[in-house]
$ cat final.cif   # mmCIF, C-alpha atoms
data_start
loop_
_atom_site.label_atom_id
_atom_site.label_comp_id
_atom_site.auth_asym_id
_atom_site.auth_seq_id
_atom_site.Cartn_x
_atom_site.Cartn_y
_atom_site.Cartn_z
CA MET E 10 123.06 61.75 105.47
CA ARG E 11 119.49 61.21 104.25
CA GLN E 12 117.57 64.49 104.05
CA LEU E 13 114.14 64.58 105.67
CA ALA E 14 111.73 67.49 105.48
CA LEU E 15 110.35 68.80 108.74
CA ASP E 16 106.66 68.11 109.27
CA ILE E 17 105.28 71.62 109.87
CA GLY E 18 102.07 70.07 111.18
CA LEU E 19 103.88 68.98 114.34
CA PRO E 20 103.53 71.06 117.52
CA THR E 21 107.20 71.94 117.04
CA GLY E 22 106.50 73.53 113.66
CA PRO E 23 107.17 77.18 112.81
CA SER E 24 105.48 79.73 115.06
CA LEU E 25 106.29 83.25 116.20
CA SER E 26 106.45 82.13 119.82
CA ARG E 27 109.01 79.43 118.96
CA PHE E 28 111.27 81.77 116.99
CA TYR E 29 114.40 82.64 118.98
CA GLU E 30 114.56 86.39 118.48
CA GLY E 31 118.13 87.29 119.46
CA SER E 32 119.06 90.42 117.54
CA ASN E 33 115.92 90.06 115.39
CA ALA E 34 113.46 91.13 118.09
CA ALA E 35 112.25 94.17 116.12
CA VAL E 36 111.27 91.96 113.18
CA VAL E 37 109.30 89.53 115.34
CA GLN E 38 107.57 92.36 117.17
CA HIS E 39 106.53 93.90 113.87
CA LEU E 40 105.02 90.61 112.69
CA ARG E 41 103.27 90.05 116.01
CA SER E 42 101.78 93.54 115.96
CA TRP E 43 100.33 92.93 112.51
CA VAL E 44 99.03 89.43 113.07
CA GLY E 45 97.59 90.55 116.44
CA ASP E 46 94.83 88.48 117.97
CA GLY E 47 93.11 87.74 114.71
CA VAL E 48 92.28 88.88 111.20
CA ALA E 49 90.02 91.60 112.55
CA ALA E 50 92.92 93.10 114.49
CA ALA E 51 95.11 93.03 111.41
CA SER E 52 92.51 94.56 109.14
CA ALA E 53 92.02 97.45 111.55
CA SER E 54 95.38 98.82 110.41
CA THR E 55 96.29 100.02 106.94
CA PRO E 56 98.50 97.21 105.62
CA VAL E 57 102.01 98.21 104.60
CA PRO E 58 104.07 95.68 102.60
CA THR E 59 106.82 94.02 104.61
CA TYR E 60 110.01 92.54 103.16
CA LEU E 61 112.50 90.39 105.10
CA TRP E 62 115.97 89.65 103.84
CA GLY E 63 118.98 87.72 105.07
CA VAL E 64 121.32 84.86 104.26
CA SER E 65 120.21 81.23 104.30
CA GLY E 66 119.55 80.02 107.81
CA SER E 67 118.58 83.41 109.21
CA GLY E 68 114.96 82.35 109.74
CA LYS E 69 113.04 83.96 106.88
CA THR E 70 111.05 80.90 105.89
CA HIS E 71 110.33 80.03 109.52
CA LEU E 72 108.79 83.45 110.09
CA LEU E 73 106.77 83.40 106.88
CA LYS E 74 105.40 79.92 107.64
CA ALA E 75 104.68 81.02 111.21
CA VAL E 76 102.63 84.00 110.01
CA HIS E 77 100.89 81.82 107.43
CA ALA E 78 99.97 79.26 110.11
CA ALA E 79 98.77 81.95 112.53
CA LEU E 80 96.49 83.54 109.94
CA ARG E 81 95.11 80.19 108.83
CA GLU E 82 94.37 79.29 112.45
CA GLN E 83 92.36 82.51 112.66
CA GLY E 84 90.27 81.38 109.70
CA ALA E 85 91.91 83.58 107.07
CA GLU E 86 92.60 82.61 103.47
CA VAL E 87 96.22 83.38 102.57
CA GLY E 88 97.99 83.40 99.22
CA TRP E 89 101.38 81.62 99.32
CA MET E 90 104.13 81.41 96.74
CA ASP E 91 107.72 80.20 96.93
CA ALA E 92 110.25 79.01 94.39
CA SER E 93 108.69 75.53 94.33
CA THR E 94 105.24 76.86 93.35
CA GLY E 95 105.30 75.76 89.73
CA PHE E 96 101.98 77.27 88.66
CA PRO E 97 100.94 80.09 91.02
CA PRO E 98 97.18 80.67 90.94
CA GLU E 99 95.44 83.89 90.02
CA PHE E 100 95.01 86.43 92.80
CA ASP E 101 92.07 85.39 94.97
CA GLU E 102 89.82 88.12 96.38
CA ARG E 103 89.20 85.95 99.43
CA TRP E 104 92.82 86.26 100.53
CA ALA E 105 93.40 88.34 103.66
CA ALA E 106 97.14 88.42 103.03
CA VAL E 107 99.76 87.42 100.46
CA ILE E 108 103.04 85.75 101.44
CA MET E 109 105.91 85.24 99.00
CA ASP E 110 109.16 83.47 99.93
CA ASP E 111 112.49 83.01 98.12
CA VAL E 112 111.70 85.80 95.67
CA GLN E 113 115.32 85.80 94.43
CA GLN E 114 114.68 82.40 92.83
CA TYR E 115 111.50 83.27 90.94
CA THR E 116 111.30 82.39 87.27
CA PRO E 117 110.03 85.02 84.80
CA MET E 118 106.57 83.43 85.02
CA GLN E 119 106.61 83.51 88.82
CA GLN E 120 107.82 87.12 88.78
CA ALA E 121 104.91 88.08 86.55
CA ARG E 122 102.46 86.40 88.91
CA ALA E 123 104.16 87.96 91.96
CA PHE E 124 103.81 91.41 90.41
CA ASN E 125 100.14 90.71 89.70
CA TRP E 126 99.58 89.59 93.29
CA PHE E 127 101.34 92.70 94.58
CA VAL E 128 99.23 95.06 92.49
CA ASN E 129 95.97 93.33 93.38
CA ALA E 130 96.83 93.21 97.08
CA VAL E 131 97.70 96.92 97.26
CA ALA E 132 94.81 98.08 95.06
CA PRO E 133 92.23 95.24 94.92
CA GLN E 134 89.20 95.40 92.66
CA SER E 135 87.03 94.83 95.70
CA GLY E 136 87.49 95.07 99.45
CA THR E 137 90.31 96.67 101.39
CA PRO E 138 94.05 96.36 100.66
CA ARG E 139 95.73 93.15 101.75
CA TRP E 140 98.98 92.76 103.64
CA LEU E 141 102.02 91.53 101.72
CA LEU E 142 104.83 89.69 103.49
CA CYS E 143 107.78 88.78 101.27
CA ALA E 144 111.31 87.48 101.77
CA GLY E 145 114.53 87.07 99.83
CA ASP E 146 118.25 86.71 100.38
CA LEU E 147 119.15 90.28 99.33
CA PRO E 148 117.77 93.78 99.96
CA PRO E 149 115.19 94.76 97.34
CA ALA E 150 117.52 97.03 95.36
CA ASP E 151 120.02 94.18 94.83
CA LEU E 152 117.55 91.53 93.67
CA HIS E 153 117.94 90.31 90.08
CA LEU E 154 114.23 90.61 89.28
CA ARG E 155 112.13 92.59 86.84
CA ASP E 156 112.29 96.29 87.68
CA ASP E 157 108.62 96.79 88.56
CA LEU E 158 108.59 93.88 91.03
CA ARG E 159 111.94 94.78 92.57
CA SER E 160 110.88 98.36 93.21
CA ARG E 161 107.59 97.36 94.81
CA LEU E 162 109.26 94.90 97.18
CA GLY E 163 111.01 97.91 98.70
CA TRP E 164 107.88 100.05 99.07
CA GLY E 165 107.15 99.34 102.73
CA HIS E 166 108.94 98.01 105.79
CA VAL E 167 112.27 96.33 105.04
CA PHE E 168 114.01 94.28 107.75
CA GLN E 169 117.33 92.45 107.69
CA LEU E 170 117.47 89.17 109.62
CA HIS E 171 120.76 88.36 111.33
CA LEU E 172 122.23 84.93 111.91
CA LEU E 173 122.30 83.65 115.47
CA ASP E 174 125.63 83.44 117.24
CA GLU E 175 127.00 80.33 118.97
CA PHE E 176 125.22 80.97 122.26
CA GLU E 177 121.90 81.62 120.50
CA ARG E 178 122.16 78.45 118.40
CA ARG E 179 122.64 76.44 121.57
CA ALA E 180 119.65 78.14 123.14
CA VAL E 181 117.49 77.23 120.13
CA LEU E 182 118.62 73.59 120.20
CA ARG E 183 117.85 73.43 123.92
CA GLN E 184 114.44 75.06 123.41
CA GLU E 185 113.47 72.70 120.59
CA ALA E 186 114.67 69.63 122.51
CA ASP E 187 112.67 70.70 125.56
CA ALA E 188 109.58 71.15 123.37
CA ARG E 189 109.97 67.54 122.24
CA GLY E 190 110.38 66.36 125.82
CA VAL E 191 113.91 65.06 125.25
CA PHE E 192 117.20 65.82 127.00
CA LEU E 193 120.01 67.17 124.83
CA SER E 194 123.29 67.14 126.71
CA ASP E 195 126.05 69.70 126.21
CA ASP E 196 128.25 66.94 124.74
CA VAL E 197 125.66 66.11 122.08
CA MET E 198 125.20 69.78 121.23
CA ASP E 199 128.98 70.23 120.98
CA TYR E 200 129.12 67.28 118.57
CA MET E 201 126.27 68.63 116.44
CA LEU E 202 127.71 72.14 116.24
CA LYS E 203 131.27 71.03 115.48
CA ARG E 204 130.60 68.28 112.95
CA PHE E 205 127.54 69.46 111.06
CA SER E 206 126.31 72.53 109.25
CA ARG E 207 125.71 75.44 111.61
CA ASP E 208 122.78 76.53 109.45
CA LEU E 209 119.85 76.59 111.87
CA GLY E 210 117.51 74.88 109.43
CA SER E 211 119.97 71.99 109.02
CA LEU E 212 120.40 71.72 112.79
CA MET E 213 116.63 71.56 113.28
CA GLN E 214 116.38 68.88 110.61
CA LEU E 215 119.13 66.89 112.31
CA LEU E 216 117.41 67.23 115.69
CA ASP E 217 114.12 66.08 114.19
CA MET E 218 115.79 63.00 112.67
CA LEU E 219 117.62 62.26 115.92
CA ASP E 220 114.46 62.57 118.01
CA GLY E 221 112.60 60.19 115.71
CA PHE E 222 115.49 57.70 115.70
CA ALA E 223 115.71 57.77 119.50
CA LEU E 224 111.96 57.18 119.82
CA ARG E 225 112.01 54.24 117.42
CA ASN E 226 114.90 52.65 119.27
CA LYS E 227 113.65 53.62 122.75
CA ARG E 228 117.02 55.10 123.69
CA ALA E 229 118.21 58.38 125.13
CA ILE E 230 119.93 60.84 122.80
CA THR E 231 123.68 60.36 123.10
CA ILE E 232 126.69 60.75 120.82
CA PRO E 233 126.87 56.96 120.19
CA LEU E 234 123.19 56.98 119.23
CA LEU E 235 123.81 59.92 116.84
CA LYS E 236 126.71 58.04 115.25
CA THR E 237 124.58 54.91 114.89
CA MET E 238 121.81 56.91 113.23
CA LEU E 239 124.23 58.40 110.70
CA GLU E 240 125.54 54.93 109.85
CA THR E 241 122.09 53.39 109.34
CA GLU E 242 119.79 56.16 108.09
#
$ encode --input "final.cif" --output "C-alpha cells"
Amino acid sequence: MRQLALDIGLPTGPSLSRFYEGSNAAVVQHLRSWVGDGVAAASASTPVPTYLWGVSGSGKTHLLKAVHAALREQGAEVGWMDASTGFPPEFDERWAAVIMDDVQQYTPMQQARAFNWFVNAVAPQSGTPRWLLCAGDLPPADLHLRDDLRSRLGWGHVFQLHLLDEFERRAVLRQEADARGVFLSDDVMDYMLKRFSRDLGSLMQLLDMLDGFALRNKRAITIPLLKTMLETE
C-alpha cells in the first residue's frame, strides 16, 4: 500500500482537543495547563522540563506537534528537532519553548545539539528559562544516549503514554471520520482493525487515504471502495 504523509495543515491535524485521552488524561492535562491560553500564561509559571515516553503509536508525536501548533498559533517561536532534522540550528534566544521528538534515534551530532538546546533553555544567556518538551520510546534512564543528555531528560516531569485499547481505537476512528464529515460504518472499522496495522498512526493514515479516495470518486466509504483503493493506489 502506498504510504502518504498526513497533511498537518488540515483541520484534522494534531491538536490537544483532538487527542483521545483514554488512560493518558493526566498527560494531556499537564500539557494543557502549560500551554494555557497563550504564551503569557505559560511564561507566568516556572518551566519544568517534560518528557513523554511510550511505544510507537502511543501518541507522542501527535502531542508534540499539537503543542508546537498551539504555541505557533499564539505567536511564539518554537525550536523543533526530530530524527529527520539533519542539521539542527543553533539555539535561538527568540524561542519560547524547545520541542524534541524521537530522541532515541538521535545521531551523535544531534545529541550534542540537543544537549546544547537543553542547557540554553534551562539557563539562557538572556531572558527567562524556556520550557522543554521531549519524547522518546523509553524512559530516560534506559535511553542509549550520551550520559549528560540522558540524565537531563529525566530532570523534570516524566510521563508514560499508554496504547489505546480496542474500544478506544474505534472511538478515535469514529471521531476522526466525524471531523471529516464522512460516515464510517462498523463493518468498515472491523475490516480496518482486523486487516491492517492497529498502530493508531497507521490507522489515521489509512483513513486519510480512504477519505481522499472517496472524495475523488464521489462515493461513500464502504469495504468494496476500500478494496478498490488498495488495488489501485
$ closest_residue --input "final.cif" --among "E:Gln113, E:Tyr29, E:Arg139, E:His153" --to "Arg178 in chain E" --atoms "all atoms listed in the file"
E:Tyr29
$ residues_around --input "final.cif" --residues "range 189-204 of chain E" --least-positions-apart "5" --cutoff "10 Å" --atoms "all atoms listed in the file" --output "list in words"
Pro20, Thr21, Glu175, Arg178, Arg179, Leu182, Arg183, Gln184, Leu212, Leu215, Leu216, Asp217, Asp220, Ala223, Leu224, Ala229, Ile230, Thr231, Ile232, Pro233, Leu234 and Leu235 of chain E
$ atom_distance --input "final.cif" --atom1 "CA of Leu40 in chain E" --atom2 "CA of Ala130 in chain E"
17.8 Å
$ residues_around --input "final.cif" --residues "range 88-105 of chain E" --least-positions-apart "6" --cutoff "10 Å" --atoms "only C-alpha atoms" --output "JSON list (two decimals) with C-alpha atoms, in the frame of the given file"
[["chain", "number", "residue", "atom", "x", "y", "z"],
["E", 48, "VAL", "CA", 92.28, 88.88, 111.20],
["E", 51, "ALA", "CA", 95.11, 93.03, 111.41],
["E", 52, "SER", "CA", 92.51, 94.56, 109.14],
["E", 70, "THR", "CA", 111.05, 80.90, 105.89],
["E", 73, "LEU", "CA", 106.77, 83.40, 106.88],
["E", 74, "LYS", "CA", 105.40, 79.92, 107.64],
["E", 77, "HIS", "CA", 100.89, 81.82, 107.43],
["E", 80, "LEU", "CA", 96.49, 83.54, 109.94],
["E", 81, "ARG", "CA", 95.11, 80.19, 108.83],
["E", 111, "ASP", "CA", 112.49, 83.01, 98.12],
["E", 112, "VAL", "CA", 111.70, 85.80, 95.67],
["E", 113, "GLN", "CA", 115.32, 85.80, 94.43],
["E", 114, "GLN", "CA", 114.68, 82.40, 92.83],
["E", 115, "TYR", "CA", 111.50, 83.27, 90.94],
["E", 116, "THR", "CA", 111.30, 82.39, 87.27],
["E", 118, "MET", "CA", 106.57, 83.43, 85.02],
["E", 119, "GLN", "CA", 106.61, 83.51, 88.82],
["E", 121, "ALA", "CA", 104.91, 88.08, 86.55],
["E", 122, "ARG", "CA", 102.46, 86.40, 88.91],
["E", 123, "ALA", "CA", 104.16, 87.96, 91.96],
["E", 125, "ASN", "CA", 100.14, 90.71, 89.70],
["E", 126, "TRP", "CA", 99.58, 89.59, 93.29],
["E", 127, "PHE", "CA", 101.34, 92.70, 94.58],
["E", 128, "VAL", "CA", 99.23, 95.06, 92.49],
["E", 129, "ASN", "CA", 95.97, 93.33, 93.38],
["E", 130, "ALA", "CA", 96.83, 93.21, 97.08],
["E", 133, "PRO", "CA", 92.23, 95.24, 94.92],
["E", 134, "GLN", "CA", 89.20, 95.40, 92.66],
["E", 135, "SER", "CA", 87.03, 94.83, 95.70],
["E", 136, "GLY", "CA", 87.49, 95.07, 99.45],
["E", 137, "THR", "CA", 90.31, 96.67, 101.39],
["E", 138, "PRO", "CA", 94.05, 96.36, 100.66],
["E", 139, "ARG", "CA", 95.73, 93.15, 101.75],
["E", 140, "TRP", "CA", 98.98, 92.76, 103.64],
["E", 141, "LEU", "CA", 102.02, 91.53, 101.72],
["E", 142, "LEU", "CA", 104.83, 89.69, 103.49],
["E", 143, "CYS", "CA", 107.78, 88.78, 101.27],
["E", 144, "ALA", "CA", 111.31, 87.48, 101.77]]
$ atom_distance --input "final.cif" --atom1 "CA of Gly145 in chain E" --atom2 "CA of Val57 in chain E"
17.4 Å
$ atom_distance --input "final.cif" --atom1 "CA of Arg161 in chain E" --atom2 "CA of Phe124 in chain E"
8.3 Å
$ residues_around --input "final.cif" --residues "Arg159 in chain E" --least-positions-apart "5" --cutoff "8 Å" --atoms "all atoms listed in the file" --output "list of chain:residue names"
E:Pro149, E:Ala150, E:Leu152, E:His153, E:Leu154
$ closest_residue --input "final.cif" --among "E:Ser26, E:Asn226, E:Gln214, E:Gln169" --to "Lys69 in chain E" --atoms "all atoms listed in the file"
E:Gln169
$ closest_residue --input "final.cif" --among "E:Gln38, E:Gln120, E:Ser32, E:Ser206" --to "Leu72 in chain E" --atoms "all atoms listed in the file"
E:Gln38
$ closest_residue --input "final.cif" --among "E:Val36, E:Val64, E:Ala79, E:Ala132" --to "Pro148 in chain E" --atoms "all atoms listed in the file"
E:Val64
$ closest_residue --input "final.cif" --among "E:Leu239, E:Asp157, E:Gly165, E:Val37" --to "Met218 in chain E" --atoms "all atoms listed in the file"
E:Leu239
$ closest_residue --input "final.cif" --among "E:Gly163, E:Gly31, E:Gly22, E:Pro117" --to "Trp62 in chain E" --atoms "all atoms listed in the file"
E:Gly163
$ resolve_selection --input "final.cif" --expression "the PyMOL selection byres ((chain E and resi 66) around 7)" --output "mmCIF file with C-alpha atoms, keeping the file's coordinate frame"
data_model
loop_
_atom_site.group_PDB
_atom_site.id
_atom_site.type_symbol
_atom_site.label_atom_id
_atom_site.label_comp_id
_atom_site.auth_asym_id
_atom_site.auth_seq_id
_atom_site.Cartn_x
_atom_site.Cartn_y
_atom_site.Cartn_z
ATOM 1 C CA VAL E 64 121.320 84.860 104.260
ATOM 2 C CA SER E 65 120.210 81.230 104.300
ATOM 3 C CA SER E 67 118.580 83.410 109.210
ATOM 4 C CA GLY E 68 114.960 82.350 109.740
ATOM 5 C CA LEU E 172 122.230 84.930 111.910
ATOM 6 C CA ASP E 208 122.780 76.530 109.450
ATOM 7 C CA LEU E 209 119.850 76.590 111.870
ATOM 8 C CA GLY E 210 117.510 74.880 109.430
#
$ decode --input "final.cif" --residues "range 175-202 of chain E" --atoms "C-alpha atoms" --output "compact mmCIF listing (two decimals), in the first residue's frame"
# COMPACT_ATOMS: atom_id res chain seq x y z
CA GLU E 175 -9.84 -1.80 21.04
CA PHE E 176 -12.77 0.32 22.19
CA GLU E 177 -10.63 3.48 22.29
CA ARG E 178 -9.23 2.88 18.79
CA ARG E 179 -12.77 2.62 17.47
CA ALA E 180 -13.70 5.83 19.25
CA VAL E 181 -10.76 7.64 17.64
CA LEU E 182 -11.64 6.37 14.17
CA ARG E 183 -15.24 7.49 14.68
CA GLN E 184 -14.12 10.90 15.96
CA GLU E 185 -11.74 11.48 13.05
CA ALA E 186 -14.33 10.35 10.49
CA ASP E 187 -16.92 12.68 12.00
CA ALA E 188 -14.43 15.56 11.84
CA ARG E 189 -14.07 14.91 8.11
CA GLY E 190 -17.83 14.80 7.66
CA VAL E 191 -17.85 11.18 6.50
CA PHE E 192 -19.70 8.11 7.78
CA LEU E 193 -17.55 5.17 8.86
CA SER E 194 -19.69 2.08 9.40
CA ASP E 195 -18.93 -0.60 11.98
CA ASP E 196 -18.23 -3.05 9.13
CA VAL E 197 -15.58 -0.77 7.64
CA MET E 198 -13.98 -0.24 11.04
CA ASP E 199 -13.97 -4.00 11.66
CA TYR E 200 -12.22 -4.51 8.32
CA MET E 201 -9.63 -1.82 9.05
CA LEU E 202 -8.85 -3.12 12.54
